[in-house]
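*Asks:* Here you go, one structure.
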Amino acid sequence: MTVKVKICCVESNDEARLAIAAGADVLGLVGNMPSGPGVISDQDIKEIASKVSPPVSTFTLTSESTAEGIKTHIDFTKTTAVQIVSHIDPLESKKLSEILGDKVRVQVIHVEDETALDLIDVYSDYVDYFLLDSGRPNAAVAELGGTGRTHNWEISREFVKVSPVPVFLAGGLNAENVRDAISYVQPYGVDLCSSVRTNGKLDRNKLQSFMRAAVQKENK
């Protein structure tokens, strides 16, 4: 299976077109966050998503932590999936699965230590995908993505082995390390933001270098 590539922090229609032309399978559109790059308005998310056609998917990244708040967010932006960036109450995750119908749900797990593995059973019945990232949700100012840091891939590798749902890998991925990441962790998909940007803007050359590296790995 060819690994899926999610380009996150897309900020405009031009960036969306650039990412799609490079071969992106998924675009990440970042809603209001306590920190991190790529935040755009919900209206901009809706506008960008409205111009993206299958098979490319669009994810709204939401920091909402209640089922109703998440539903309200995704109902407005109308992306194909919602990416929940914090470790929400499991009861809210269960409720969300009941009220969102067939809308795709992606639960982020921030891999700080081995306790990340404990969250598989907490959420797996209620989500379609996991996404492993390197945030620090309990920091003084919560970090919920876009850190540019890698985490312990040994934990991520074990997570992928055990998880009953597909897993995206995020956190510090770039053209130099994505080959090793795919080979070692064996994720369903990879997700990146900062490593393909220059001065905050999506960089065509960096993006193409990353895509070549990811595809090269798959073709070996």
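Convention: chains lettered A, B, ... in structure tokens order; per-chain residue numbering from 1; ligands numbered from 1 as shown.
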I need the residues of stretch 1-173 of chain A that end up classed as helix (DSSP H, G or I) by DSSP on the backbone, written out as a ChimeraX atom specification.
*Replies:* /A:13-22,42-50,67-77,90-99,114-123,153-162
*Asks:* Would you list the contacts of A:Val108 as a ChimeraX atom specification, taking every protein, DNA or RNA residue within 10 Å and counting only C-alpha atoms, but skipping same-chain residues closer than 6 positions in sequence?
*Replies:* /A:61,83-88,129-135,144-145,167-170
*Asks:* Applying 12 Å and only C-alpha atoms, which residues near A:Glu98 remain after dropping the ones on its own chain fewer than 2 positions away? List them as a list in words.
*Replies:*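 Once the nearby chain positions are removed, what remains is Ala67, Glu68, Lys71, Leu91, Glu92, Ser93, Lys94, Lys95, Leu96, Leu100, Gly101, Asp102, Lys103, Val104, Arg105, Asp125, Tyr126 and Val127 of chain A.
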*Asks:* Write the residues you've just listed into a file as a short mmCIF file (atom, residue, chain, number, x, y, z; two decimals), in the first residue's frame, and include N, CA and C atoms for each of them.
*Replies:*
data_model
loop_
_atom_site.label_atom_id
_atom_site.label_comp_id
_atom_site.auth_asym_id
_atom_site.auth_seq_id
_atom_site.Cartn_x
_atom_site.Cartn_y
_atom_site.Cartn_z
N ALA A 67 -18.26 17.30 22.07
CA ALA A 67 -18.88 16.75 20.86
C ALA A 67 -19.69 17.81 20.13
N GLU A 68 -20.45 18.58 20.86
CA GLU A 68 -21.29 19.61 20.23
C GLU A 68 -20.42 20.69 19.58
N LYS A 71 -18.85 19.27 16.43
CA LYS A 71 -19.86 19.13 15.37
C LYS A 71 -20.19 20.50 14.76
N LEU A 91 -15.94 10.19 26.81
CA LEU A 91 -17.39 10.26 26.68
C LEU A 91 -17.79 11.23 25.56
N GLU A 92 -17.01 12.30 25.40
CA GLU A 92 -17.26 13.23 24.31
C GLU A 92 -16.93 12.58 22.96
N SER A 93 -15.88 11.77 22.93
CA SER A 93 -15.53 11.06 21.70
C SER A 93 -16.64 10.10 21.31
N LYS A 94 -17.18 9.39 22.28
CA LYS A 94 -18.28 8.46 22.02
C LYS A 94 -19.51 9.22 21.51
N LYS A 95 -19.82 10.32 22.17
CA LYS A 95 -20.98 11.12 21.75
C LYS A 95 -20.78 11.65 20.34
N LEU A 96 -19.56 12.10 20.03
CA LEU A 96 -19.28 12.63 18.71
C LEU A 96 -19.51 11.58 17.63
N LEU A 100 -22.16 12.60 14.64
CA LEU A 100 -21.56 13.03 13.37
C LEU A 100 -21.90 12.11 12.21
N GLY A 101 -22.56 11.01 12.47
CA GLY A 101 -22.92 10.11 11.39
C GLY A 101 -21.69 9.53 10.72
N ASP A 102 -21.64 9.62 9.38
CA ASP A 102 -20.54 9.00 8.66
C ASP A 102 -19.38 9.96 8.41
N LYS A 103 -19.38 11.14 9.04
CA LYS A 103 -18.26 12.07 8.90
C LYS A 103 -17.00 11.46 9.51
N VAL A 104 -15.90 11.53 8.78
CA VAL A 104 -14.64 10.91 9.22
C VAL A 104 -14.07 11.66 10.43
N ARG A 105 -13.64 10.88 11.43
CA ARG A 105 -13.09 11.44 12.67
C ARG A 105 -11.64 10.96 12.83
N ASP A 125 -12.69 2.80 19.38
CA ASP A 125 -14.06 2.45 19.00
C ASP A 125 -14.82 3.62 18.38
N TYR A 126 -14.29 4.83 18.54
CA TYR A 126 -15.06 6.02 18.17
C TYR A 126 -14.43 6.82 17.04
N VAL A 127 -13.29 6.39 16.51
CA VAL A 127 -12.61 7.19 15.49
C VAL A 127 -12.27 6.32 14.28
#
*Asks:* Extract, using only C-alpha atoms, all DNA, RNA and protein residues at most 10 Å from A:Val3, discarding same-chain residues fewer than 4 positions from it, and format them as a ChimeraX atom specification.
*Replies:* /A:25,168,182,186-190,214-215,217-218
*Asks:* Could you take the residues named above and write them with C-alpha atoms, as a short mmCIF file (atom, residue, chain, number, x, y, z; two decimals), in the first residue's frame?
*Replies:*
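Now in out35.cif:
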data_model
loop_
_atom_site.label_atom_id
_atom_site.label_comp_id
_atom_site.auth_asym_id
_atom_site.auth_seq_id
_atom_site.Cartn_x
_atom_site.Cartn_y
_atom_site.Cartn_z
CA ASP A 25 -3.79 13.03 -0.66
CA PHE A 168 -0.91 8.83 10.37
CA ILE A 182 7.96 5.10 6.75
CA GLN A 186 4.95 1.63 8.86
CA PRO A 187 2.18 4.23 9.11
CA TYR A 188 -0.86 4.45 6.88
CA GLY A 189 0.07 8.04 6.13
CA VAL A 190 2.51 10.84 6.94
CA ALA A 214 8.21 9.52 0.28
CA VAL A 215 7.41 7.94 -3.09
CA LYS A 217 10.68 4.86 -0.23
CA GLU A 218 7.46 3.24 -1.29
#
*Asks:* Neighbours of A:Ile48 within 10 Å (only C-alpha atoms; same-chain residues fewer than 2 positions away dropped), as number ranges by chain?
*Replies:* A: 10-17, 27, 29, 42-46, 50-52, 58, 77, 79
*Asks:* Export C-alpha atoms of the chosen residues as a CSV table (one decimal), in the first residue's frame?
*Replies:*
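part.csv written:
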chain,number,residue,atom,x,y,z
A,10,VAL,CA,-2.7,25.0,4.1
A,11,GLU,CA,-3.6,28.7,4.2
A,12,SER,CA,-5.0,29.6,0.8
A,13,ASN,CA,-6.4,28.3,-2.5
A,14,ASP,CA,-3.0,28.7,-4.1
A,15,GLU,CA,-1.3,26.6,-1.5
A,16,ALA,CA,-4.1,24.0,-1.8
A,17,ARG,CA,-3.5,23.8,-5.6
A,27,LEU,CA,-5.0,18.9,3.0
A,29,LEU,CA,-6.8,23.3,7.4
A,42,ASP,CA,-13.3,29.1,9.6
A,43,GLN,CA,-14.6,31.0,6.5
A,44,ASP,CA,-11.3,30.5,4.8
A,45,ILE,CA,-11.3,26.8,5.7
A,46,LYS,CA,-14.8,26.5,4.2
A,50,SER,CA,-15.2,23.9,-1.3
A,51,LYS,CA,-12.8,23.9,-4.2
A,52,VAL,CA,-11.1,20.6,-3.4
A,58,THR,CA,-9.7,17.9,3.6
A,77,THR,CA,-16.4,24.3,7.5
A,79,THR,CA,-14.5,19.5,5.1
*Asks:* Go through A:Val196, A:Val26, A:Ile40, A:Val178 and flag the residue nearest A:Pro54, using only C-alpha atoms for the distances.
*Replies:*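 Of A:Val196, A:Val26, A:Ile40, A:Val178, the one nearest A:Pro54 is A:Val26, counting only C-alpha atoms.
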*Asks:* Given only C-alpha atoms, how would the per-residue table for stretch 28-133 of chain A near stretch 198-205 of chain A read, listing every residue at most 12 Å away with its closest atom pair and distance in Å to one decimal, sorted by chain and number, as CSV?
*Replies:*
residue,atom,partner,partner_atom,distance
A:Gly36,CA,A:Gly200,CA,11.5
A:Pro37,CA,A:Gly200,CA,8.2
A:Gly38,CA,A:Gly200,CA,8.3
A:Val39,CA,A:Gly200,CA,11.4
*Asks:* Can those selected residues be exported to a file as a short mmCIF file (atom, residue, chain, number, x, y, z; two decimals), in the first residue's frame so that it contains N, CA and C atoms?
*Replies:*
data_model
loop_
_atom_site.label_atom_id
_atom_site.label_comp_id
_atom_site.auth_asym_id
_atom_site.auth_seq_id
_atom_site.Cartn_x
_atom_site.Cartn_y
_atom_site.Cartn_z
N GLY A 36 0.92 27.51 17.58
CA GLY A 36 1.25 26.77 16.37
C GLY A 36 0.93 27.52 15.10
N PRO A 37 1.45 27.03 13.97
CA PRO A 37 1.33 27.72 12.69
C PRO A 37 0.05 27.38 11.93
N GLY A 38 -0.20 28.16 10.89
CA GLY A 38 -1.21 27.80 9.89
C GLY A 38 -2.64 28.12 10.22
N VAL A 39 -2.90 28.83 11.31
CA VAL A 39 -4.29 29.11 11.70
C VAL A 39 -4.93 30.06 10.68
#
*Asks:* For A:Ile120, list every protein, DNA or RNA residue within 9 Å, evaluated using only C-alpha atoms, and leave out those in the same chain fewer than 5 positions away; present the list as an MDAnalysis selection string.
*Replies:* chainID A and resid 109 125 130 159 162:164
*Asks:* Atom CA of A:Ile74 and atom CA of A:Ser195, how far apart in Å?
*Replies:*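 Distance reported for this atom pair: 27.0 Å.
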